[in-house]
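Content type mmCIF, C-alpha atoms and all ligand atoms, from the file work_26.cif:
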data_target
#
loop_
_atom_site.label_atom_id
_atom_site.label_comp_id
_atom_site.auth_asym_id
_atom_site.auth_seq_id
_atom_site.Cartn_x
_atom_site.Cartn_y
_atom_site.Cartn_z
CA MET Q 1347 1.45 132.80 6.75
CA ASN Q 1348 2.38 132.27 3.12
CA VAL Q 1349 6.11 131.43 3.37
CA LEU Q 1350 8.08 131.59 0.12
CA ILE Q 1351 11.73 130.54 0.09
CA TYR Q 1352 13.96 131.81 -2.72
CA ASP Q 1353 17.52 131.01 -3.76
CA ASN Q 1354 18.75 134.58 -3.49
CA GLU Q 1355 17.86 138.20 -2.77
CA GLU Q 1356 17.60 139.09 -6.47
CA GLN Q 1357 14.65 136.73 -6.83
CA ILE Q 1358 13.01 138.16 -3.71
CA GLY Q 1359 13.38 141.68 -5.11
CA VAL Q 1360 11.69 140.69 -8.37
CA ALA Q 1361 8.90 138.83 -6.57
CA ALA Q 1362 8.26 141.48 -3.88
CA GLY Q 1363 8.47 144.44 -6.30
CA SER Q 1364 6.12 142.66 -8.70
CA LEU Q 1365 3.64 141.90 -5.91
CA ILE Q 1366 3.49 145.57 -4.88
CA ALA Q 1367 3.22 146.70 -8.50
CA SER Q 1368 0.41 144.19 -9.09
CA GLN Q 1369 -1.45 145.69 -6.11
CA VAL Q 1370 -1.20 149.09 -7.84
CA ILE Q 1371 -2.22 147.66 -11.23
CA ALA Q 1372 -5.30 146.10 -9.61
CA LYS Q 1373 -6.10 149.26 -7.59
CA PRO Q 1374 -4.42 152.42 -8.93
CA GLN Q 1375 -5.38 154.42 -5.79
CA SER Q 1376 -3.60 151.95 -3.52
CA VAL Q 1377 -2.18 153.03 -0.20
CA LEU Q 1378 1.28 151.53 0.25
CA GLY Q 1379 3.12 151.16 3.53
CA LEU Q 1380 6.84 151.34 2.81
CA ALA Q 1381 10.02 150.38 4.63
CA THR Q 1382 13.67 151.35 4.60
CA GLY Q 1383 16.86 149.33 5.19
CA SER Q 1384 19.02 147.23 2.88
CA THR Q 1385 16.47 144.47 2.36
CA PRO Q 1386 13.89 146.42 0.29
CA LEU Q 1387 16.42 147.93 -2.15
CA LYS Q 1388 15.90 145.25 -4.80
CA THR Q 1389 12.14 145.41 -4.28
CA TYR Q 1390 12.26 149.12 -5.06
CA ALA Q 1391 14.51 148.47 -8.08
CA GLN Q 1392 11.85 146.10 -9.44
CA MET Q 1393 9.05 148.62 -8.79
CA ILE Q 1394 11.10 151.18 -10.73
CA LYS Q 1395 11.79 148.74 -13.57
CA LEU Q 1396 8.10 147.95 -14.00
CA TYR Q 1397 7.38 151.69 -14.09
CA SER Q 1398 10.15 152.34 -16.67
CA ASP Q 1399 8.80 149.45 -18.74
CA GLY Q 1400 5.39 151.13 -18.74
CA ALA Q 1401 3.75 148.25 -16.88
CA VAL Q 1402 2.54 150.26 -13.88
CA ASP Q 1403 1.46 153.83 -13.15
CA TYR Q 1404 1.94 155.08 -9.59
CA SER Q 1405 0.35 158.50 -10.10
CA LYS Q 1406 -2.67 157.80 -7.89
CA VAL Q 1407 -0.77 155.97 -5.15
CA THR Q 1408 -0.43 157.26 -1.57
CA THR Q 1409 2.43 156.10 0.65
CA PHE Q 1410 3.13 156.01 4.37
CA ASN Q 1411 6.60 155.16 5.59
CA LEU Q 1412 6.99 153.10 8.70
CA ASP Q 1413 9.46 155.19 10.62
CA GLU Q 1414 12.03 157.97 10.75
CA TYR Q 1415 14.95 158.94 12.95
CA CYS Q 1416 14.39 161.73 15.47
CA LYS Q 1417 16.41 164.92 15.29
CA LEU Q 1418 17.97 164.18 11.91
CA ASP Q 1419 17.52 166.68 9.08
CA VAL Q 1420 15.22 165.20 6.39
CA ASN Q 1421 17.90 165.97 3.80
CA ASP Q 1422 20.60 164.17 5.77
CA VAL Q 1423 21.93 161.29 3.69
CA ASN Q 1424 20.85 158.89 6.48
CA SER Q 1425 17.29 160.14 6.89
CA TYR Q 1426 14.63 157.72 5.74
CA HIS Q 1427 13.00 160.58 3.87
CA ARG Q 1428 16.17 160.91 1.80
CA PHE Q 1429 16.58 157.11 1.46
CA MET Q 1430 13.12 156.73 -0.01
CA HIS Q 1431 13.59 159.58 -2.47
CA ASP Q 1432 17.01 158.31 -3.56
CA ASN Q 1433 15.94 154.69 -3.91
CA LEU Q 1434 12.33 154.91 -5.10
CA PHE Q 1435 10.41 158.16 -5.21
CA ASN Q 1436 12.78 160.10 -7.49
CA SER Q 1437 12.49 157.34 -10.10
CA ILE Q 1438 8.72 156.80 -10.22
CA ASN Q 1439 5.66 159.05 -10.47
CA ILE Q 1440 4.01 159.18 -7.05
CA PRO Q 1441 3.00 162.84 -6.51
CA GLU Q 1442 5.10 164.37 -3.70
CA GLU Q 1443 1.93 165.42 -1.86
CA ASN Q 1444 0.86 161.77 -1.64
CA ILE Q 1445 4.08 160.77 0.15
CA ASN Q 1446 3.86 160.67 3.95
CA PHE Q 1447 6.47 160.36 6.67
CA LEU Q 1448 6.40 160.69 10.42
CA ASP Q 1449 8.27 163.93 11.21
CA GLY Q 1450 11.11 163.11 13.59
CA ASN Q 1451 11.70 166.84 14.12
CA ALA Q 1452 8.13 167.78 15.07
CA GLU Q 1453 7.86 170.02 18.13
CA ASP Q 1454 4.99 168.00 19.57
CA MET Q 1455 5.81 164.36 18.83
CA GLU Q 1456 2.67 163.06 20.50
CA GLN Q 1457 0.48 165.18 18.27
CA GLU Q 1458 2.58 164.21 15.24
CA CYS Q 1459 1.90 160.54 15.94
CA ILE Q 1460 -1.84 161.09 16.41
CA SER Q 1461 -2.01 163.08 13.15
CA TYR Q 1462 -0.15 160.34 11.25
CA GLU Q 1463 -2.60 157.70 12.44
CA GLU Q 1464 -5.48 159.97 11.38
CA LYS Q 1465 -3.94 160.50 7.95
CA ILE Q 1466 -3.63 156.74 7.40
CA LYS Q 1467 -7.26 156.29 8.44
CA ASN Q 1468 -8.45 159.12 6.20
CA ALA Q 1469 -6.58 157.61 3.25
CA GLY Q 1470 -8.66 154.44 3.72
CA GLY Q 1471 -6.00 152.36 5.50
CA ILE Q 1472 -2.93 150.65 4.10
CA ASP Q 1473 -3.60 148.15 1.31
CA ILE Q 1474 -0.19 146.49 1.49
CA GLN Q 1475 2.52 147.02 4.07
CA LEU Q 1476 6.10 146.14 3.18
CA LEU Q 1477 8.25 145.15 6.15
CA GLY Q 1478 11.80 144.09 6.88
CA ILE Q 1479 12.75 142.42 10.14
CA GLY Q 1480 15.58 143.38 12.47
CA SER Q 1481 18.07 140.77 13.67
CA ASN Q 1482 16.41 141.23 17.09
CA GLY Q 1483 12.92 140.64 15.66
CA HIS Q 1484 11.89 144.28 15.45
CA ILE Q 1485 9.46 145.49 12.81
CA ALA Q 1486 9.74 149.15 11.88
CA PHE Q 1487 11.32 150.51 15.08
CA ASN Q 1488 9.12 148.46 17.39
CA GLU Q 1489 11.93 147.01 19.45
CA PRO Q 1490 11.68 143.98 21.77
CA ALA Q 1491 9.66 145.16 24.79
CA ASP Q 1492 7.32 144.08 27.55
CA CYS Q 1493 4.21 144.98 25.59
CA PHE Q 1494 3.12 145.71 22.04
CA GLU Q 1495 2.78 149.46 21.41
CA ARG Q 1496 -0.47 150.10 19.56
CA ILE Q 1497 -0.01 153.32 17.67
CA SER Q 1498 2.80 155.49 16.34
CA HIS Q 1499 5.24 156.53 19.05
CA VAL Q 1500 8.78 157.63 19.83
CA VAL Q 1501 11.26 154.88 20.75
CA ALA Q 1502 14.73 154.71 22.21
CA LEU Q 1503 16.70 152.44 19.89
CA LYS Q 1504 18.21 149.26 21.30
CA GLU Q 1505 21.96 148.94 21.28
CA SER Q 1506 21.74 146.05 18.78
CA THR Q 1507 19.76 148.25 16.36
CA ILE Q 1508 22.17 151.16 16.77
CA LYS Q 1509 25.01 148.74 16.01
CA ASP Q 1510 23.19 147.21 12.99
CA ASN Q 1511 22.47 150.67 11.57
CA SER Q 1512 25.89 152.15 12.31
CA ARG Q 1513 27.12 150.70 9.00
CA PHE Q 1514 25.40 153.61 7.24
CA PHE Q 1515 26.99 156.31 9.44
CA LYS Q 1516 30.59 157.54 9.71
CA SER Q 1517 30.73 156.35 13.29
CA ILE Q 1518 28.40 154.66 15.77
CA ASP Q 1519 28.22 157.93 17.75
CA GLU Q 1520 26.40 159.56 14.84
CA VAL Q 1521 23.50 157.07 14.86
CA PRO Q 1522 20.44 158.81 16.34
CA THR Q 1523 19.38 157.33 19.67
CA HIS Q 1524 15.66 157.83 19.09
CA ALA Q 1525 13.22 157.26 16.27
CA VAL Q 1526 9.51 157.63 15.64
CA THR Q 1527 7.68 154.59 14.36
CA MET Q 1528 4.29 153.27 13.44
CA GLY Q 1529 3.03 151.01 16.20
CA ILE Q 1530 2.29 147.32 16.10
CA GLY Q 1531 -1.44 148.14 15.99
CA SER Q 1532 -0.93 150.50 13.04
CA ILE Q 1533 0.98 147.78 11.16
CA MET Q 1534 -1.55 145.06 12.02
CA GLN Q 1535 -4.34 147.16 10.54
CA ALA Q 1536 -2.82 146.93 7.05
CA LYS Q 1537 -4.99 144.78 4.81
CA ARG Q 1538 -2.02 142.76 3.51
CA ILE Q 1539 1.52 142.40 4.80
CA LEU Q 1540 4.61 141.53 2.77
CA ILE Q 1541 7.65 140.84 4.91
CA ILE Q 1542 11.05 140.10 3.42
CA ALA Q 1543 14.31 138.92 4.99
CA THR Q 1544 17.64 137.80 3.62
CA GLY Q 1545 20.82 136.37 5.10
CA GLU Q 1546 21.73 134.10 7.96
CA ASN Q 1547 21.85 136.99 10.44
CA LYS Q 1548 18.02 137.11 10.17
CA ALA Q 1549 17.52 133.34 10.56
CA LYS Q 1550 16.96 133.39 14.34
CA ALA Q 1551 14.46 136.25 14.15
CA VAL Q 1552 12.61 134.55 11.27
CA LYS Q 1553 12.38 131.30 13.23
CA GLN Q 1554 11.08 133.12 16.33
CA MET Q 1555 8.60 135.07 14.20
CA ILE Q 1556 6.92 132.07 12.63
CA ASN Q 1557 7.69 129.01 14.78
CA GLU Q 1558 7.59 130.28 18.35
CA ASN Q 1559 5.08 131.86 20.70
CA VAL Q 1560 3.79 135.34 20.01
CA THR Q 1561 5.63 137.70 22.32
CA PRO Q 1562 6.51 141.42 22.37
CA GLN Q 1563 10.09 140.23 22.95
CA CYS Q 1564 9.98 139.31 19.24
CA PRO Q 1565 7.69 142.03 17.86
CA ALA Q 1566 7.47 140.36 14.41
CA SER Q 1567 5.85 137.29 16.01
CA VAL Q 1568 2.59 139.27 16.26
CA LEU Q 1569 2.25 138.79 12.50
CA GLN Q 1570 1.09 135.23 13.28
CA PHE Q 1571 -2.21 136.90 14.21
CA HIS Q 1572 -2.60 138.69 10.87
CA ALA Q 1573 -4.80 137.00 8.29
CA ASP Q 1574 -2.86 137.94 5.14
CA VAL Q 1575 0.93 137.79 5.47
CA THR Q 1576 3.38 136.81 2.76
CA LEU Q 1577 6.92 136.14 3.94
CA MET Q 1578 9.68 136.05 1.33
CA ILE Q 1579 13.04 134.77 2.55
CA ASP Q 1580 16.25 133.46 1.03
CA LYS Q 1581 17.95 130.21 2.01
CA GLY Q 1582 20.12 131.99 4.59
CA ALA Q 1583 17.15 133.52 6.43
CA ALA Q 1584 15.37 130.15 6.20
CA SER Q 1585 18.34 128.19 7.52
CA LEU Q 1586 16.89 127.55 11.02
CA LEU Q 1587 13.39 126.58 9.89
P1 LIG C 1 17.79 145.80 6.99
O1 LIG C 1 16.85 146.31 8.15
O2 LIG C 1 16.92 145.59 5.80
O3 LIG C 1 18.76 146.91 6.76
O4 LIG C 1 18.42 144.54 7.47
C1 LIG C 1 15.64 145.66 8.36
C2 LIG C 1 14.97 146.23 9.59
O5 LIG C 1 15.68 146.61 10.54
O6 LIG C 1 13.75 146.29 9.61
#

Step by step, read the file and then write its structure as structure tokens.
Ligand code: PGA
Amino acid sequence: MNVLIYDNEEQIGVAAGSLIASQVIAKPQSVLGLATGSTPLKTYAQMIKLYSDGAVDYSKVTTFNLDEYCKLDVNDVNSYHRFMHDNLFNSINIPEENINFLDGNAEDMEQECISYEEKIKNAGGIDIQLLGIGSNGHIAFNEPADCFERISHVVALKESTIKDNSRFFKSIDEVPTHAVTMGIGSIMQAKRILIIATGENKAKAVKQMINENVTPQCPASVLQFHADVTLMIDKGAASLL
């Protein structure tokens, strides 16, 4: 794992956004795997800046987002669909038809998951997958569990995740209890992985991910088995290394 430690989250945003943009400059038809949460906001700001500066053209890019809440309207201010449009897609030029999300409101969730996996395969696979990490070691919504789930699936969110995410909702009772997420196998098939983490509340998960045994109890630890992972962390997230 290529571990890069930065002084602050601003620097990580510039570095991570530039790395993704450079992937697109090198291969305009790149397939990007994208993430939500607070951590990638500065990464997306840098991707937008490089587009506004005329340094990168995203018009041939295809995207797949990692996950989405179940039973939340896509236009709800807390949907990941809305988050991505507000924080990235509305400010750059990826054609709407190239933007893909798991549908958390699909009638047949099993079929929805199978179709999503097929779509990723048909697009040629993900060239670079951006990830955050949960304070409990989750990646996407793959929560600590007894086994690694291979493909996209519906999950019941852990209490710790509901609590972490309640900061975006009016009250904790409004946080959806279920989500649909790409699986560990889907993530591991990405050609490159860029994982970013900031703040001391991620330090334990970061330590488990890179310094301890691979276990589904810390889903991010599986990344030790991926051949091309770049981890960008600030001093807080690196504080237990
Ligand atoms: P955060 O979420 O960036 O909001 O901390 C990361 C994650 O849960 O994957």

Discussion item. Can you measure atom CA of Q:Ser1532 to atom CA of Q:Ile1497 for me? One decimal in Å is fine.
Written reply: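 Calculated distance between atom CA of Q:Ser1532 and atom CA of Q:Ile1497 is 5.5 Å.
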
Which residues come within 9 Å of stretch 1578-1584 of chain Q, counting all atoms listed in the file, excluding same-chain residues fewer than 2 positions away, as a compact mmCIF listing (two decimals) with C-alpha atoms, in the frame of the given file?
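In the end it all went to out_1.txt:
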# COMPACT_ATOMS: atom_id res chain seq x y z
CA ASN Q 1348 2.38 132.27 3.12
CA VAL Q 1349 6.11 131.43 3.37
CA LEU Q 1350 8.08 131.59 0.12
CA ILE Q 1351 11.73 130.54 0.09
CA TYR Q 1352 13.96 131.81 -2.72
CA ASP Q 1353 17.52 131.01 -3.76
CA ASN Q 1354 18.75 134.58 -3.49
CA GLU Q 1355 17.86 138.20 -2.77
CA GLN Q 1357 14.65 136.73 -6.83
CA ILE Q 1358 13.01 138.16 -3.71
CA ALA Q 1361 8.90 138.83 -6.57
CA ALA Q 1362 8.26 141.48 -3.88
CA LEU Q 1540 4.61 141.53 2.77
CA ILE Q 1541 7.65 140.84 4.91
CA ILE Q 1542 11.05 140.10 3.42
CA ALA Q 1543 14.31 138.92 4.99
CA THR Q 1544 17.64 137.80 3.62
CA GLY Q 1545 20.82 136.37 5.10
CA GLU Q 1546 21.73 134.10 7.96
CA ASN Q 1547 21.85 136.99 10.44
CA LYS Q 1548 18.02 137.11 10.17
CA ALA Q 1549 17.52 133.34 10.56
CA LYS Q 1550 16.96 133.39 14.34
CA ALA Q 1551 14.46 136.25 14.15
CA VAL Q 1552 12.61 134.55 11.27
CA LYS Q 1553 12.38 131.30 13.23
CA THR Q 1576 3.38 136.81 2.76
CA LEU Q 1586 16.89 127.55 11.02
CA LEU Q 1587 13.39 126.58 9.89

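In this comparison, which uses all atoms listed in the file, the residue of Q:Asn1411, Q:Gln1369, Q:Asn1511, Q:Asn1446 approaching ligand LIG 1 (chain C) most closely is Q:Asn1511.
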
Item to complete: Compute the set of protein, DNA and RNA residues whose minimum atom distance to ligand LIG 1 (chain C) is at most 6 Å, using only C-alpha atoms and all ligand atoms, and state it as a PyMOL selection string.
Response: chain Q and resi 1383-1385+1478-1480+1485-1486

Worksheet item: Which one is closest to Q:Arg1538: Q:Ile1474, Q:Ala1372, Q:Asp1510, Q:Asp1492? Count all atoms listed in the file.
Response: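 For Q:Arg1538, the nearest of the candidates is Q:Ile1474.
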
Worksheet entry | Between atom CA of Q:Phe1514 and atom CA of Q:Tyr1415 - distance in Å to one decimal | 13.0 Å

Discussion item. Which residues are close to stretch 1400-1408 of chain Q, i.e. within 6 Å by only C-alpha atoms, leaving aside same-chain residues fewer than 6 positions away? Reply as a PyMOL selection string.
Written reply: chain Q and resi 1374-1377+1439-1440+1444-1445

Worksheet item: Using all atoms listed in the file, which residue out of Q:Lys1537, Q:His1524, Q:His1484, Q:Lys1504 lies closest to Q:Gln1563?
Response: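 The shortest atom-to-atom distance to Q:Gln1563 comes from Q:His1484.
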
Fill in: Shortest interatomic distance to Q:Glu1442 - which of Q:Arg1513, Q:His1572, Q:His1427, Q:Arg1496, counting all atoms listed in the file
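Using all atoms listed in the file, the shortest distance to Q:Glu1442 belongs to Q:His1427.
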
Practice prompt. Considering all atoms listed in the file, state which residue in the set Q:Asp1399, Q:Glu1520, Q:Glu1356, Q:Glu1456 is at the smallest distance from Q:His1499.
Written response: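 That would be Q:Glu1456, the residue with the smallest distance to Q:His1499.
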
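Counting from atom CA of Q:Pro1441, the distance to atom CA of Q:Leu1577 is 28.9 Å.
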
Worksheet, complete the sentence: Closest of Q:Thr1527, Q:Ser1364, Q:Asn1436, Q:Gln1570 to Q:Glu1458, counting all atoms listed in the file, is Q:Thr1527

Practice prompt. Please identify all polymer residues lying at most 10 Å from the point (16.8, 148.4, 0.3) (file coordinates), using only C-alpha atoms, and present the result as a list in words.
Written response: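 Protein, DNA and RNA residues close to (16.8, 148.4, 0.3): Gly1359, Ala1381, Thr1382, Gly1383, Ser1384, Thr1385, Pro1386, Leu1387, Lys1388, Thr1389, Tyr1390, Ala1391, Phe1429, Met1430, Asn1433, Leu1434 and Gly1478 of chain Q.
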
Item to complete: Please provide as a ChimeraX atom specification all residues within 12 Å of Q:Asp1422, with the sequence filter that same-chain residues fewer than 2 positions apart are discarded (counting all atoms listed in the file).
Response: /Q:1414-1420,1424-1429,1431-1432,1514-1515,1520-1522

How would you write as a PDB file with C-alpha atoms, keeping the file's coordinate frame the residues that get within 7 Å of (11.0, 142.5, 22.1) in the file's frame, counting only C-alpha atoms?
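The resulting file, part-v9.pdb, is shown below:
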ATOM      1  CA  GLY Q1483      12.920 140.640  15.660  1.00  0.00           C
ATOM      2  CA  HIS Q1484      11.890 144.280  15.450  1.00  0.00           C
ATOM      3  CA  GLU Q1489      11.930 147.010  19.450  1.00  0.00           C
ATOM      4  CA  PRO Q1490      11.680 143.980  21.770  1.00  0.00           C
ATOM      5  CA  ALA Q1491       9.660 145.160  24.790  1.00  0.00           C
ATOM      6  CA  ASP Q1492       7.320 144.080  27.550  1.00  0.00           C
ATOM      7  CA  PRO Q1562       6.510 141.420  22.370  1.00  0.00           C
ATOM      8  CA  GLN Q1563      10.090 140.230  22.950  1.00  0.00           C
ATOM      9  CA  CYS Q1564       9.980 139.310  19.240  1.00  0.00           C
ATOM     10  CA  PRO Q1565       7.690 142.030  17.860  1.00  0.00           C
TER      11      PRO Q1565
END

Render stretch 1522-1543 of chain Q from the structure in the preceding block as a file of N, CA, C and O atoms, as a PDB file, in the first residue's frame.
ATOM      1  N   PRO Q1522     -31.954   6.528   7.415  1.00  0.00           N
ATOM      2  CA  PRO Q1522     -32.457   5.238   6.944  1.00  0.00           C
ATOM      3  C   PRO Q1522     -31.729   4.085   7.655  1.00  0.00           C
ATOM      4  O   PRO Q1522     -30.563   4.218   8.030  1.00  0.00           O
ATOM      5  N   THR Q1523     -32.433   3.000   7.829  1.00  0.00           N
ATOM      6  CA  THR Q1523     -31.839   1.853   8.541  1.00  0.00           C
ATOM      7  C   THR Q1523     -31.151   0.892   7.588  1.00  0.00           C
ATOM      8  O   THR Q1523     -30.387   0.036   8.014  1.00  0.00           O
ATOM      9  N   HIS Q1524     -31.450   1.034   6.284  1.00  0.00           N
ATOM     10  CA  HIS Q1524     -30.868   0.125   5.297  1.00  0.00           C
ATOM     11  C   HIS Q1524     -30.243   0.910   4.142  1.00  0.00           C
ATOM     12  O   HIS Q1524     -30.646   2.043   3.865  1.00  0.00           O
ATOM     13  N   ALA Q1525     -29.293   0.286   3.508  1.00  0.00           N
ATOM     14  CA  ALA Q1525     -28.656   0.889   2.340  1.00  0.00           C
ATOM     15  C   ALA Q1525     -28.322  -0.222   1.361  1.00  0.00           C
ATOM     16  O   ALA Q1525     -28.370  -1.403   1.715  1.00  0.00           O
ATOM     17  N   VAL Q1526     -28.004   0.192   0.132  1.00  0.00           N
ATOM     18  CA  VAL Q1526     -27.557  -0.796  -0.857  1.00  0.00           C
ATOM     19  C   VAL Q1526     -26.139  -0.384  -1.253  1.00  0.00           C
ATOM     20  O   VAL Q1526     -25.850   0.795  -1.449  1.00  0.00           O
ATOM     21  N   THR Q1527     -25.268  -1.359  -1.314  1.00  0.00           N
ATOM     22  CA  THR Q1527     -23.843  -1.046  -1.471  1.00  0.00           C
ATOM     23  C   THR Q1527     -23.142  -2.004  -2.412  1.00  0.00           C
ATOM     24  O   THR Q1527     -23.532  -3.170  -2.513  1.00  0.00           O
ATOM     25  N   MET Q1528     -22.129  -1.514  -3.093  1.00  0.00           N
ATOM     26  CA  MET Q1528     -21.252  -2.411  -3.813  1.00  0.00           C
ATOM     27  C   MET Q1528     -20.605  -3.340  -2.799  1.00  0.00           C
ATOM     28  O   MET Q1528     -20.380  -2.951  -1.644  1.00  0.00           O
ATOM     29  N   GLY Q1529     -20.292  -4.547  -3.215  1.00  0.00           N
ATOM     30  CA  GLY Q1529     -19.691  -5.514  -2.300  1.00  0.00           C
ATOM     31  C   GLY Q1529     -18.180  -5.354  -2.233  1.00  0.00           C
ATOM     32  O   GLY Q1529     -17.583  -4.568  -2.971  1.00  0.00           O
ATOM     33  N   ILE Q1530     -17.580  -6.113  -1.347  1.00  0.00           N
ATOM     34  CA  ILE Q1530     -16.128  -6.095  -1.214  1.00  0.00           C
ATOM     35  C   ILE Q1530     -15.488  -6.611  -2.518  1.00  0.00           C
ATOM     36  O   ILE Q1530     -14.488  -6.069  -2.986  1.00  0.00           O
ATOM     37  N   GLY Q1531     -16.115  -7.644  -3.098  1.00  0.00           N
ATOM     38  CA  GLY Q1531     -15.590  -8.183  -4.364  1.00  0.00           C
ATOM     39  C   GLY Q1531     -15.669  -7.154  -5.472  1.00  0.00           C
ATOM     40  O   GLY Q1531     -14.726  -7.009  -6.267  1.00  0.00           O
ATOM     41  N   SER Q1532     -16.794  -6.397  -5.521  1.00  0.00           N
ATOM     42  CA  SER Q1532     -16.922  -5.375  -6.576  1.00  0.00           C
ATOM     43  C   SER Q1532     -15.824  -4.326  -6.411  1.00  0.00           C
ATOM     44  O   SER Q1532     -15.220  -3.879  -7.386  1.00  0.00           O
ATOM     45  N   ILE Q1533     -15.565  -3.933  -5.164  1.00  0.00           N
ATOM     46  CA  ILE Q1533     -14.546  -2.900  -4.901  1.00  0.00           C
ATOM     47  C   ILE Q1533     -13.151  -3.441  -5.240  1.00  0.00           C
ATOM     48  O   ILE Q1533     -12.341  -2.759  -5.868  1.00  0.00           O
ATOM     49  N   MET Q1534     -12.904  -4.683  -4.845  1.00  0.00           N
ATOM     50  CA  MET Q1534     -11.562  -5.262  -5.066  1.00  0.00           C
ATOM     51  C   MET Q1534     -11.243  -5.448  -6.548  1.00  0.00           C
ATOM     52  O   MET Q1534     -10.085  -5.622  -6.914  1.00  0.00           O
ATOM     53  N   GLN Q1535     -12.297  -5.455  -7.401  1.00  0.00           N
ATOM     54  CA  GLN Q1535     -12.034  -5.615  -8.822  1.00  0.00           C
ATOM     55  C   GLN Q1535     -11.595  -4.321  -9.500  1.00  0.00           C
ATOM     56  O   GLN Q1535     -11.169  -4.335 -10.652  1.00  0.00           O
ATOM     57  N   ALA Q1536     -11.700  -3.192  -8.791  1.00  0.00           N
ATOM     58  CA  ALA Q1536     -11.233  -1.931  -9.382  1.00  0.00           C
ATOM     59  C   ALA Q1536      -9.737  -2.044  -9.658  1.00  0.00           C
ATOM     60  O   ALA Q1536      -9.005  -2.672  -8.885  1.00  0.00           O
ATOM     61  N   LYS Q1537      -9.313  -1.420 -10.767  1.00  0.00           N
ATOM     62  CA  LYS Q1537      -7.889  -1.556 -11.135  1.00  0.00           C
ATOM     63  C   LYS Q1537      -6.996  -0.823 -10.151  1.00  0.00           C
ATOM     64  O   LYS Q1537      -5.916  -1.286  -9.813  1.00  0.00           O
ATOM     65  N   ARG Q1538      -7.438   0.363  -9.716  1.00  0.00           N
ATOM     66  CA  ARG Q1538      -6.676   1.131  -8.709  1.00  0.00           C
ATOM     67  C   ARG Q1538      -7.642   1.576  -7.630  1.00  0.00           C
ATOM     68  O   ARG Q1538      -8.821   1.849  -7.910  1.00  0.00           O
ATOM     69  N   ILE Q1539      -7.115   1.714  -6.417  1.00  0.00           N
ATOM     70  CA  ILE Q1539      -7.945   2.189  -5.308  1.00  0.00           C
ATOM     71  C   ILE Q1539      -7.260   3.384  -4.660  1.00  0.00           C
ATOM     72  O   ILE Q1539      -6.043   3.370  -4.420  1.00  0.00           O
ATOM     73  N   LEU Q1540      -8.037   4.421  -4.408  1.00  0.00           N
ATOM     74  CA  LEU Q1540      -7.554   5.600  -3.688  1.00  0.00           C
ATOM     75  C   LEU Q1540      -8.430   5.747  -2.460  1.00  0.00           C
ATOM     76  O   LEU Q1540      -9.637   5.970  -2.573  1.00  0.00           O
ATOM     77  N   ILE Q1541      -7.838   5.562  -1.295  1.00  0.00           N
ATOM     78  CA  ILE Q1541      -8.627   5.659  -0.063  1.00  0.00           C
ATOM     79  C   ILE Q1541      -8.101   6.827   0.754  1.00  0.00           C
ATOM     80  O   ILE Q1541      -6.888   7.004   0.890  1.00  0.00           O
ATOM     81  N   ILE Q1542      -9.034   7.637   1.257  1.00  0.00           N
ATOM     82  CA  ILE Q1542      -8.634   8.839   1.993  1.00  0.00           C
ATOM     83  C   ILE Q1542      -9.317   8.852   3.363  1.00  0.00           C
ATOM     84  O   ILE Q1542     -10.439   8.375   3.528  1.00  0.00           O
ATOM     85  N   ALA Q1543      -8.599   9.379   4.358  1.00  0.00           N
ATOM     86  CA  ALA Q1543      -9.158   9.459   5.711  1.00  0.00           C
ATOM     87  C   ALA Q1543      -8.537  10.639   6.435  1.00  0.00           C
ATOM     88  O   ALA Q1543      -7.333  10.886   6.304  1.00  0.00           O
TER      89      ALA Q1543
END
